[in-house]
Amino acid sequence: MDEVTGAQLIAESLKTQKVEYMFGIVGVPVIEVAMAAQAAGIKYVGMRNEQAACYAASAIGYLTGRPGACLVVSGPGLIHALGGMANANMNCWPVVVIGGSSDQNQETAGAFQEFPQVEACRLYSKFSARPSSLEVIPSVVEKAVRTSMYGRPGACYVDIAGDMVNARVDRSKVRVVSCCPTPPVSLADHRAIAEAISVLKAAKRPLVIIGKGAAYGRAETALKELVEMSGLPFLPTPMGKGVLPDDHPKCVAAARSRALLQADVVLLLGARLNWILHFGLPPRFDPDVKIIQVDLCAEEIGNNVKPAVALLGDINAIVTQLLEGVRKDGWKYPSDTEWWSTLSDKIAANAKISKALALQSAVPMNYYTVFHHVSQLLPHDCIIVSEGANTMDIGRTMLNNYLPRHRLDAGTFGTMGVGLGFAIAAAALERSENKGQRIVCVEGDSAFGFSGMEVETMCRYNLPVVIIVVNNNGIYSGVDPDTWKTMAKMGDLTSIAPPVTLLPEARYDEVMTAFGGRGFLVRTVEELRSALQLSLSDWERPSLLNVLIDPSSDRKQQKVERKGDLNDPDSRSSKARPD
């Protein structure tokens with residue numbers, strides 16, 4: 001008989017479904033699964049924390065359109081991965097988690113790391129199941145992969161009992177399952193397309209909002225043609241950056257608040273009216289704004305704001321439909337309108353403020369100085385991973401993206417700690433495809449701490465990652481070393497130190513050096529430029545730049561624009577999302 005183990009069936013089934021990457025941490029009972037995956041031709045990356053492993057596997061899903069696999073042990077291992085599953089669901093990224101669990105004959109008996117894993121994962125996934133026998137493993141794996149991609153993408157979970165991993169079955173008894181095809185493409189109703197074009201043509205202040213759904217849906221080619229043919233201004237969401245280049249003449253990202261507030265018609269492409277877009281409601285939006293909503297998920301249509309036109313279906317297909325309608329009509333929004341003038345004035349004013357901050361020569365540096373010089377040195381085709389509070393928000397405005405799916409950040413769930421897992425996934429993909437792209441991970445010092453041990457993973461696999469830790473000694477803000485020493489002399493720091501503080505001038509660079517990578521301590525512009533240039537040219541090992549900035553550095557003061565007070569200089573808040 002040609003016998004096959006449960007571990008082999010899992011690995012072969014994943015490979016049949018074109019799952020090419022697996023991230024995880026091995027232990028009883030899943031060590032053999034990882035070995036079988038490698039034998040089947042799946043690339044296995046051993047991580048240091050299951051949460052980071054799940055972040056990496058989901059990033060593969062976003063970058064490739066096919067889910068990555070996350071392999072975890074039972075009980076605590078699976079629980080650690082739940083954060084990554086929740087993040088994937090909120091971001092709408094496909095991922096399949098494979099979890100080992102207690103032996104079937106020990107259930108309810110207090111087995112080692114026994115936990116109701118299938119039930120727990122139902123809260124964090126689209127599909128959660130345990131194969132009832134070895135024979136049906138291929139069917140369950142196929143359903144998990146297919147469900148992760150079809151409809152609104154998300155996380156799926158497959159549970160493997162410990163005694164099934166090494167159990168054997170005659171291969172002839174195993175149900176043969178072929179690879180599931182890519183998700184079917186659906187078009188919007190042609191009457192709704194005509195109505196959408198009519199609403200756009202009647203708009204005085206139109207705006208296109210490009211979300212990460214447009215990036216995931218590979219809509220960049222059709223979208224570029226639509227924007228350039230129609231002449232419409234566009235605003236990318238954080239991970240919508242790069243679907244069209246940030247330096248595109250129709251991009252109004254530098255006038256974000258004004259564009260959102262004054263637009264009378266918004267074409268919403270693969271973005272949701274959630275907290276990132278202020279729910280589409282006043283005071284950040286015009287109360288009478290007309291939304292043309294394009295989404296793959298019917299349940300998302302009308303969420304928070306009733307759309308003037310609803311276009312349900314595949315985003316690339318719908319953009320192509322809109323493009324054909326605009327081409328047929330020969331319509332183009334004029335470039336000499338008052339709307340364009342208003343947006344251009346705001347872009348110029350914000351650029352002037354940011355430039356003044358960027359050119360400050362004080363030491364320690366501020367955020368704007370750091371990002372100004374980093375932006376000058378980054379290759380246009382690099383993948384930028386970013387997380388942190390000010391670090392991520394300011395970096396979004398100053399670090400341009402020129403290609404789709406080249407920015408990964410905290411996303412819809414606002415999850416901190418995703419950065420290093422995302423960077424590892426992007427670097428593993430780069431290593432395989434050999435496109436010559438660098439992965440640059442820009443981290444706040446607090447955000448870096450969540451998954452900092454993954455630098456060992458980067459060094460172990462020689463991944464081409466450059467980490468830039470923008471270190472302000474705290475969460476949001478910290479204190480300088482002298483203040484810290486003074487507080488330490490006053491008594492117990494647990495009673496004195498502000499909860500937002502971290503250890504001043506912590507040597508994160510030495511953590512990277514300890515594992516064999518390059519570490520740089522950076523205090524000045526000259527040191528920053530030198531270290532970054534050297535790191536970008538070194539393909540043999542990862543680097544970390546520990547960039548010390550002023551602990552009191554903050555975002556530029558923001559004017560929270562509202563109808564009727566657009567010129568009120570006192571309407572400001574440093575906590576507003578930057579333009």
# chains A, B, ... in the order shown; residues from 1 in each chain; ligands from 1
call {"tool": "closest_atom_pairs", "arguments": {"of": "segment 268-385 of chain A", "to": "segment 146-150 of chain A", "cutoff": "12 Å", "atoms": "only C-alpha atoms", "output": "Markdown table"}}
result
| residue | atom | partner | partner_atom | distance |
| --- | --- | --- | --- | --- |
| A:Leu296 | CA | A:Tyr150 | CA | 9.9 |
| A:Cys297 | CA | A:Tyr150 | CA | 10.4 |
| A:Gly313 | CA | A:Tyr150 | CA | 11.9 |
| A:Asp314 | CA | A:Tyr150 | CA | 11.0 |
call {"tool": "write_last_selection", "arguments": {"atoms": "all heavy atoms", "output": "PDB file, in the first residue's frame"}}
result
ATOM      1  N   LEU A 296     -16.996  44.951  -2.936  1.00  0.00           N
ATOM      2  CA  LEU A 296     -17.211  43.540  -3.238  1.00  0.00           C
ATOM      3  C   LEU A 296     -18.258  42.916  -2.325  1.00  0.00           C
ATOM      4  O   LEU A 296     -18.882  41.910  -2.662  1.00  0.00           O
ATOM      5  CB  LEU A 296     -15.878  42.790  -3.078  1.00  0.00           C
ATOM      6  CG  LEU A 296     -15.831  41.315  -3.434  1.00  0.00           C
ATOM      7  CD1 LEU A 296     -16.037  41.130  -4.931  1.00  0.00           C
ATOM      8  CD2 LEU A 296     -14.493  40.716  -3.009  1.00  0.00           C
ATOM      9  N   CYS A 297     -18.452  43.517  -1.154  1.00  0.00           N
ATOM     10  CA  CYS A 297     -19.287  42.928  -0.112  1.00  0.00           C
ATOM     11  C   CYS A 297     -20.621  43.659  -0.033  1.00  0.00           C
ATOM     12  O   CYS A 297     -20.668  44.862   0.271  1.00  0.00           O
ATOM     13  CB  CYS A 297     -18.557  42.994   1.224  1.00  0.00           C
ATOM     14  SG  CYS A 297     -19.499  42.354   2.621  1.00  0.00           S
ATOM     15  N   GLY A 313     -19.548  44.557  -6.770  1.00  0.00           N
ATOM     16  CA  GLY A 313     -18.824  43.619  -7.606  1.00  0.00           C
ATOM     17  C   GLY A 313     -17.325  43.777  -7.494  1.00  0.00           C
ATOM     18  O   GLY A 313     -16.818  44.451  -6.604  1.00  0.00           O
ATOM     19  N   ASP A 314     -16.628  43.151  -8.408  1.00  0.00           N
ATOM     20  CA  ASP A 314     -15.166  43.186  -8.449  1.00  0.00           C
ATOM     21  C   ASP A 314     -14.694  44.592  -8.813  1.00  0.00           C
ATOM     22  O   ASP A 314     -15.154  45.178  -9.809  1.00  0.00           O
ATOM     23  CB  ASP A 314     -14.658  42.176  -9.478  1.00  0.00           C
ATOM     24  CG  ASP A 314     -13.157  42.217  -9.639  1.00  0.00           C
ATOM     25  OD1 ASP A 314     -12.457  41.632  -8.805  1.00  0.00           O
ATOM     26  OD2 ASP A 314     -12.700  42.876 -10.598  1.00  0.00           O
TER      27      ASP A 314
END
call {"tool": "select_by_dssp", "arguments": {"residues": "segment 202-404 of chain A", "states": "strand (DSSP E or B)", "output": "PyMOL selection string"}}
result
chain A and resi 206-210+234-236+251+265-269+290-295+309-312+365+383-387
call {"tool": "residues_around", "arguments": {"residues": "Ser375 of chain A", "least_positions_apart": "5", "cutoff": "12 Å", "atoms": "only C-alpha atoms", "output": "ChimeraX atom specification"}}
result
/A:358,368-370,380,382,384,394-401,440,442,528-529,532-533
call {"tool": "select_by_dssp", "arguments": {"residues": "segment 276-454 of chain A", "states": "helix (DSSP H, G or I)", "output": "NGL selection string"}}
result
:A and (276-280 or 298-300 or 315-329 or 338-358 or 367-377 or 390-398 or 419-433 or 445-450 or 454)
call {"tool": "closest_residue", "arguments": {"among": "A:Tyr402, A:Met487, A:Ile31, A:Met392", "to": "Pro236 of chain A", "atoms": "only C-alpha atoms"}}
result
A:Tyr402
call {"tool": "residues_around", "arguments": {"residues": "segment 187-193 of chain A", "least_positions_apart": "6", "cutoff": "10 Å", "atoms": "only C-alpha atoms", "output": "PyMOL selection string"}}
result
chain A and resi 199+292+294-296+309-325
call {"tool": "closest_residue", "arguments": {"among": "A:Ala155, A:Val289, A:Val174, A:Cys121", "to": "Gln8 of chain A", "atoms": "only C-alpha atoms"}}
result
A:Val174
call {"tool": "residues_around", "arguments": {"residues": "Leu244 of chain A", "least_positions_apart": "2", "cutoff": "9 Å", "atoms": "only C-alpha atoms", "output": "PyMOL selection string"}}
result
chain A and resi 210+220-221+223-224+236+240-242+246-248+251+401-404
call {"tool": "closest_residue", "arguments": {"among": "A:Met85, A:Val45, A:Ala203, A:Ala11", "to": "Ala425 of chain A", "atoms": "only C-alpha atoms"}}
result
A:Val45
call {"tool": "atom_distance", "arguments": {"atom1": "atom CA of Gly421 of chain A", "atom2": "atom CA of Gln51 of chain A"}}
result
8.4 Å
call {"tool": "closest_residue", "arguments": {"among": "A:Gln262, A:Thr483, A:Asn303, A:Asn274", "to": "Thr342 of chain A", "atoms": "only C-alpha atoms"}}
result
A:Gln262
call {"tool": "atom_distance", "arguments": {"atom1": "atom CA of Pro364 of chain A", "atom2": "atom CA of Asp550 of chain A"}}
result
5.0 Å
call {"tool": "residues_around", "arguments": {"residues": "Ala308 of chain A", "least_positions_apart": "2", "cutoff": "10 Å", "atoms": "only C-alpha atoms", "output": "list in words"}}
result
Glu195, Ala196, Val199, Val265, Val266, Val289, Lys290, Ile291, Ile292, Gln293, Gly302, Val305, Lys306 and Ala310 of chain A
call {"tool": "write_last_selection", "arguments": {"atoms": "N, CA, C and O atoms", "output": "PDB file, in the first residue's frame"}}
result
ATOM      1  N   GLU A 195     -25.806  55.540 -14.050  1.00  0.00           N
ATOM      2  CA  GLU A 195     -26.223  56.499 -13.031  1.00  0.00           C
ATOM      3  C   GLU A 195     -25.014  57.094 -12.314  1.00  0.00           C
ATOM      4  O   GLU A 195     -24.970  58.303 -12.033  1.00  0.00           O
ATOM      5  N   ALA A 196     -24.009  56.267 -12.023  1.00  0.00           N
ATOM      6  CA  ALA A 196     -22.795  56.754 -11.355  1.00  0.00           C
ATOM      7  C   ALA A 196     -22.090  57.802 -12.212  1.00  0.00           C
ATOM      8  O   ALA A 196     -21.643  58.843 -11.710  1.00  0.00           O
ATOM      9  N   VAL A 199     -23.949  61.067 -12.038  1.00  0.00           N
ATOM     10  CA  VAL A 199     -23.707  61.784 -10.782  1.00  0.00           C
ATOM     11  C   VAL A 199     -22.336  62.455 -10.806  1.00  0.00           C
ATOM     12  O   VAL A 199     -22.174  63.600 -10.372  1.00  0.00           O
ATOM     13  N   VAL A 265     -19.320  65.052  -4.314  1.00  0.00           N
ATOM     14  CA  VAL A 265     -19.514  63.683  -4.791  1.00  0.00           C
ATOM     15  C   VAL A 265     -18.219  62.913  -4.545  1.00  0.00           C
ATOM     16  O   VAL A 265     -17.132  63.386  -4.904  1.00  0.00           O
ATOM     17  N   VAL A 266     -18.328  61.749  -3.936  1.00  0.00           N
ATOM     18  CA  VAL A 266     -17.168  60.906  -3.663  1.00  0.00           C
ATOM     19  C   VAL A 266     -17.364  59.556  -4.339  1.00  0.00           C
ATOM     20  O   VAL A 266     -18.381  58.879  -4.115  1.00  0.00           O
ATOM     21  N   VAL A 289     -23.056  65.226   1.010  1.00  0.00           N
ATOM     22  CA  VAL A 289     -22.197  64.569   0.034  1.00  0.00           C
ATOM     23  C   VAL A 289     -22.889  63.347  -0.554  1.00  0.00           C
ATOM     24  O   VAL A 289     -23.612  62.613   0.142  1.00  0.00           O
ATOM     25  N   LYS A 290     -22.678  63.137  -1.852  1.00  0.00           N
ATOM     26  CA  LYS A 290     -23.216  61.965  -2.534  1.00  0.00           C
ATOM     27  C   LYS A 290     -22.095  60.936  -2.691  1.00  0.00           C
ATOM     28  O   LYS A 290     -21.039  61.242  -3.236  1.00  0.00           O
ATOM     29  N   ILE A 291     -22.335  59.739  -2.197  1.00  0.00           N
ATOM     30  CA  ILE A 291     -21.336  58.667  -2.244  1.00  0.00           C
ATOM     31  C   ILE A 291     -21.694  57.684  -3.347  1.00  0.00           C
ATOM     32  O   ILE A 291     -22.809  57.157  -3.396  1.00  0.00           O
ATOM     33  N   ILE A 292     -20.738  57.450  -4.241  1.00  0.00           N
ATOM     34  CA  ILE A 292     -20.842  56.351  -5.196  1.00  0.00           C
ATOM     35  C   ILE A 292     -19.966  55.238  -4.633  1.00  0.00           C
ATOM     36  O   ILE A 292     -18.740  55.321  -4.675  1.00  0.00           O
ATOM     37  N   GLN A 293     -20.588  54.225  -4.086  1.00  0.00           N
ATOM     38  CA  GLN A 293     -19.849  53.210  -3.326  1.00  0.00           C
ATOM     39  C   GLN A 293     -19.595  51.973  -4.168  1.00  0.00           C
ATOM     40  O   GLN A 293     -20.525  51.353  -4.690  1.00  0.00           O
ATOM     41  N   GLY A 302     -23.852  50.949   2.074  1.00  0.00           N
ATOM     42  CA  GLY A 302     -24.731  51.730   2.939  1.00  0.00           C
ATOM     43  C   GLY A 302     -24.320  51.773   4.382  1.00  0.00           C
ATOM     44  O   GLY A 302     -25.062  52.311   5.224  1.00  0.00           O
ATOM     45  N   VAL A 305     -23.305  55.612   5.743  1.00  0.00           N
ATOM     46  CA  VAL A 305     -23.879  56.605   4.833  1.00  0.00           C
ATOM     47  C   VAL A 305     -24.589  55.875   3.689  1.00  0.00           C
ATOM     48  O   VAL A 305     -24.007  54.992   3.058  1.00  0.00           O
ATOM     49  N   LYS A 306     -25.835  56.265   3.438  1.00  0.00           N
ATOM     50  CA  LYS A 306     -26.569  55.660   2.327  1.00  0.00           C
ATOM     51  C   LYS A 306     -25.979  56.157   1.019  1.00  0.00           C
ATOM     52  O   LYS A 306     -25.873  57.363   0.792  1.00  0.00           O
ATOM     53  N   ALA A 310     -24.927  52.536  -5.688  1.00  0.00           N
ATOM     54  CA  ALA A 310     -24.197  51.374  -5.171  1.00  0.00           C
ATOM     55  C   ALA A 310     -23.750  50.511  -6.331  1.00  0.00           C
ATOM     56  O   ALA A 310     -24.572  50.111  -7.178  1.00  0.00           O
TER      57      ALA A 310
END
call {"tool": "closest_residue", "arguments": {"among": "A:Ile383, A:Ile276, A:Leu207, A:Ile42", "to": "Leu260 of chain A", "atoms": "only C-alpha atoms"}}
result
A:Leu207
call {"tool": "closest_residue", "arguments": {"among": "A:Leu226, A:Val73, A:Met90, A:Met453", "to": "Val26 of chain A", "atoms": "only C-alpha atoms"}}
result
A:Val73
call {"tool": "residues_around", "arguments": {"residues": "Pro464 of chain A", "least_positions_apart": "3", "cutoff": "9 Å", "atoms": "only C-alpha atoms", "output": "short mmCIF file (atom, residue, chain, number, x, y, z; two decimals) with C-alpha atoms, in the first residue's frame"}}
result
data_model
loop_
_atom_site.label_atom_id
_atom_site.label_comp_id
_atom_site.auth_asym_id
_atom_site.auth_seq_id
_atom_site.Cartn_x
_atom_site.Cartn_y
_atom_site.Cartn_z
CA ILE A 424 9.54 39.43 6.83
CA ALA A 427 11.31 40.15 2.16
CA ALA A 428 10.67 36.41 1.80
CA GLU A 430 11.36 39.40 -2.66
CA ARG A 431 13.99 36.75 -1.98
CA GLN A 437 13.35 45.57 -4.21
CA ARG A 438 14.32 46.67 -0.72
CA ILE A 439 11.96 46.35 2.22
CA VAL A 440 12.14 49.37 4.54
CA MET A 458 15.53 38.39 9.62
CA LEU A 536 20.35 50.06 1.26
CA ASP A 538 24.03 45.83 1.71
CA TRP A 539 22.09 42.82 0.43
CA GLU A 540 23.83 40.29 2.65
CA ARG A 541 22.22 41.10 5.98
CA PRO A 542 19.47 43.21 7.51
CA SER A 543 20.11 46.57 9.14
#
call {"tool": "decode", "arguments": {"residues": "segment 466-498 of chain A", "atoms": "N, CA, C and O atoms", "output": "mmCIF file, in the first residue's frame"}}
result
data_model
loop_
_atom_site.group_PDB
_atom_site.id
_atom_site.type_symbol
_atom_site.label_atom_id
_atom_site.label_comp_id
_atom_site.auth_asym_id
_atom_site.auth_seq_id
_atom_site.Cartn_x
_atom_site.Cartn_y
_atom_site.Cartn_z
ATOM 1 N N VAL A 466 15.569 46.746 5.896
ATOM 2 C CA VAL A 466 16.171 47.860 6.610
ATOM 3 C C VAL A 466 15.129 48.391 7.588
ATOM 4 O O VAL A 466 14.049 48.832 7.166
ATOM 5 N N ILE A 467 15.432 48.312 8.873
ATOM 6 C CA ILE A 467 14.522 48.823 9.902
ATOM 7 C C ILE A 467 15.002 50.202 10.338
ATOM 8 O O ILE A 467 16.184 50.379 10.658
ATOM 9 N N ILE A 468 14.093 51.157 10.340
ATOM 10 C CA ILE A 468 14.389 52.491 10.859
ATOM 11 C C ILE A 468 13.509 52.709 12.079
ATOM 12 O O ILE A 468 12.285 52.834 11.963
ATOM 13 N N VAL A 469 14.102 52.684 13.262
ATOM 14 C CA VAL A 469 13.362 52.938 14.496
ATOM 15 C C VAL A 469 13.463 54.429 14.810
ATOM 16 O O VAL A 469 14.549 54.940 15.088
ATOM 17 N N VAL A 470 12.339 55.118 14.716
ATOM 18 C CA VAL A 470 12.294 56.540 15.045
ATOM 19 C C VAL A 470 12.022 56.618 16.550
ATOM 20 O O VAL A 470 10.908 56.425 17.010
ATOM 21 N N ASN A 471 13.075 56.892 17.304
ATOM 22 C CA ASN A 471 13.098 56.660 18.749
ATOM 23 C C ASN A 471 12.925 57.975 19.521
ATOM 24 O O ASN A 471 13.841 58.780 19.630
ATOM 25 N N ASN A 472 11.705 58.155 20.052
ATOM 26 C CA ASN A 472 11.448 59.349 20.869
ATOM 27 C C ASN A 472 11.298 59.018 22.352
ATOM 28 O O ASN A 472 10.752 59.797 23.137
ATOM 29 N N ASN A 473 11.756 57.821 22.727
ATOM 30 C CA ASN A 473 11.810 57.392 24.135
ATOM 31 C C ASN A 473 10.443 57.149 24.750
ATOM 32 O O ASN A 473 10.314 57.165 25.983
ATOM 33 N N GLY A 474 9.418 56.920 23.917
ATOM 34 C CA GLY A 474 8.128 56.712 24.553
ATOM 35 C C GLY A 474 7.013 56.340 23.607
ATOM 36 O O GLY A 474 7.191 56.180 22.398
ATOM 37 N N ILE A 475 5.840 56.185 24.200
ATOM 38 C CA ILE A 475 4.599 55.937 23.472
ATOM 39 C C ILE A 475 3.947 57.294 23.267
ATOM 40 O O ILE A 475 3.543 57.934 24.238
ATOM 41 N N TYR A 476 3.865 57.762 22.059
ATOM 42 C CA TYR A 476 3.451 59.127 21.705
ATOM 43 C C TYR A 476 4.578 60.119 22.003
ATOM 44 O O TYR A 476 4.997 60.873 21.147
ATOM 45 N N SER A 477 5.067 60.146 23.237
ATOM 46 C CA SER A 477 6.182 61.034 23.582
ATOM 47 C C SER A 477 6.886 60.468 24.801
ATOM 48 O O SER A 477 6.295 59.720 25.583
ATOM 49 N N GLY A 478 8.181 60.834 24.945
ATOM 50 C CA GLY A 478 8.951 60.332 26.075
ATOM 51 C C GLY A 478 9.640 61.453 26.811
ATOM 52 O O GLY A 478 9.222 62.617 26.732
ATOM 53 N N VAL A 479 10.685 61.120 27.527
ATOM 54 C CA VAL A 479 11.474 62.120 28.252
ATOM 55 C C VAL A 479 12.939 61.951 27.867
ATOM 56 O O VAL A 479 13.361 60.895 27.405
ATOM 57 N N ASP A 480 13.724 63.006 28.087
ATOM 58 C CA ASP A 480 15.149 62.934 27.776
ATOM 59 C C ASP A 480 15.898 62.222 28.899
ATOM 60 O O ASP A 480 15.372 62.056 30.012
ATOM 61 N N PRO A 481 17.136 61.789 28.648
ATOM 62 C CA PRO A 481 17.885 61.035 29.661
ATOM 63 C C PRO A 481 18.071 61.777 30.980
ATOM 64 O O PRO A 481 18.002 61.160 32.059
ATOM 65 N N ASP A 482 18.296 63.079 30.935
ATOM 66 C CA ASP A 482 18.501 63.833 32.178
ATOM 67 C C ASP A 482 17.237 63.847 33.032
ATOM 68 O O ASP A 482 17.297 63.689 34.263
ATOM 69 N N THR A 483 16.098 64.018 32.387
ATOM 70 C CA THR A 483 14.829 63.993 33.130
ATOM 71 C C THR A 483 14.596 62.625 33.737
ATOM 72 O O THR A 483 14.120 62.507 34.881
ATOM 73 N N TRP A 484 14.951 61.592 32.996
ATOM 74 C CA TRP A 484 14.784 60.223 33.502
ATOM 75 C C TRP A 484 15.650 59.996 34.744
ATOM 76 O O TRP A 484 15.184 59.419 35.740
ATOM 77 N N LYS A 485 16.882 60.455 34.680
ATOM 78 C CA LYS A 485 17.773 60.294 35.835
ATOM 79 C C LYS A 485 17.239 61.048 37.050
ATOM 80 O O LYS A 485 17.316 60.565 38.184
ATOM 81 N N THR A 486 16.701 62.231 36.811
ATOM 82 C CA THR A 486 16.135 63.019 37.909
ATOM 83 C C THR A 486 14.947 62.291 38.528
ATOM 84 O O THR A 486 14.825 62.229 39.770
ATOM 85 N N MET A 487 14.091 61.729 37.708
ATOM 86 C CA MET A 487 12.930 60.991 38.217
ATOM 87 C C MET A 487 13.382 59.769 39.012
ATOM 88 O O MET A 487 12.795 59.439 40.053
ATOM 89 N N ALA A 488 14.442 59.091 38.524
ATOM 90 C CA ALA A 488 14.929 57.895 39.212
ATOM 91 C C ALA A 488 15.431 58.222 40.615
ATOM 92 O O ALA A 488 15.301 57.408 41.546
ATOM 93 N N LYS A 489 15.987 59.419 40.792
ATOM 94 C CA LYS A 489 16.486 59.829 42.118
ATOM 95 C C LYS A 489 15.353 60.191 43.063
ATOM 96 O O LYS A 489 15.542 60.227 44.287
ATOM 97 N N MET A 490 14.197 60.455 42.506
ATOM 98 C CA MET A 490 13.068 60.893 43.335
ATOM 99 C C MET A 490 12.337 59.731 44.005
ATOM 100 O O MET A 490 11.535 59.946 44.911
ATOM 101 N N GLY A 491 12.576 58.515 43.551
ATOM 102 C CA GLY A 491 11.912 57.376 44.180
ATOM 103 C C GLY A 491 11.571 56.291 43.185
ATOM 104 O O GLY A 491 12.206 56.173 42.117
ATOM 105 N N ASP A 492 10.578 55.488 43.528
ATOM 106 C CA ASP A 492 10.165 54.349 42.720
ATOM 107 C C ASP A 492 9.567 54.830 41.400
ATOM 108 O O ASP A 492 8.547 55.516 41.370
ATOM 109 N N LEU A 493 10.197 54.429 40.291
ATOM 110 C CA LEU A 493 9.748 54.893 38.974
ATOM 111 C C LEU A 493 8.349 54.399 38.627
ATOM 112 O O LEU A 493 7.654 55.011 37.806
ATOM 113 N N THR A 494 7.912 53.315 39.246
ATOM 114 C CA THR A 494 6.556 52.831 38.961
ATOM 115 C C THR A 494 5.495 53.811 39.454
ATOM 116 O O THR A 494 4.347 53.776 39.005
ATOM 117 N N SER A 495 5.877 54.679 40.370
ATOM 118 C CA SER A 495 4.949 55.689 40.889
ATOM 119 C C SER A 495 5.187 57.060 40.280
ATOM 120 O O SER A 495 4.342 57.948 40.412
ATOM 121 N N ILE A 496 6.338 57.232 39.629
ATOM 122 C CA ILE A 496 6.738 58.567 39.165
ATOM 123 C C ILE A 496 6.755 58.682 37.648
ATOM 124 O O ILE A 496 6.286 59.674 37.095
ATOM 125 N N ALA A 497 7.291 57.684 36.979
ATOM 126 C CA ALA A 497 7.471 57.777 35.519
ATOM 127 C C ALA A 497 6.127 57.814 34.808
ATOM 128 O O ALA A 497 5.254 56.986 35.080
ATOM 129 N N PRO A 498 5.908 58.757 33.897
ATOM 130 C CA PRO A 498 4.666 58.800 33.127
ATOM 131 C C PRO A 498 4.454 57.482 32.377
ATOM 132 O O PRO A 498 5.408 56.895 31.852
#
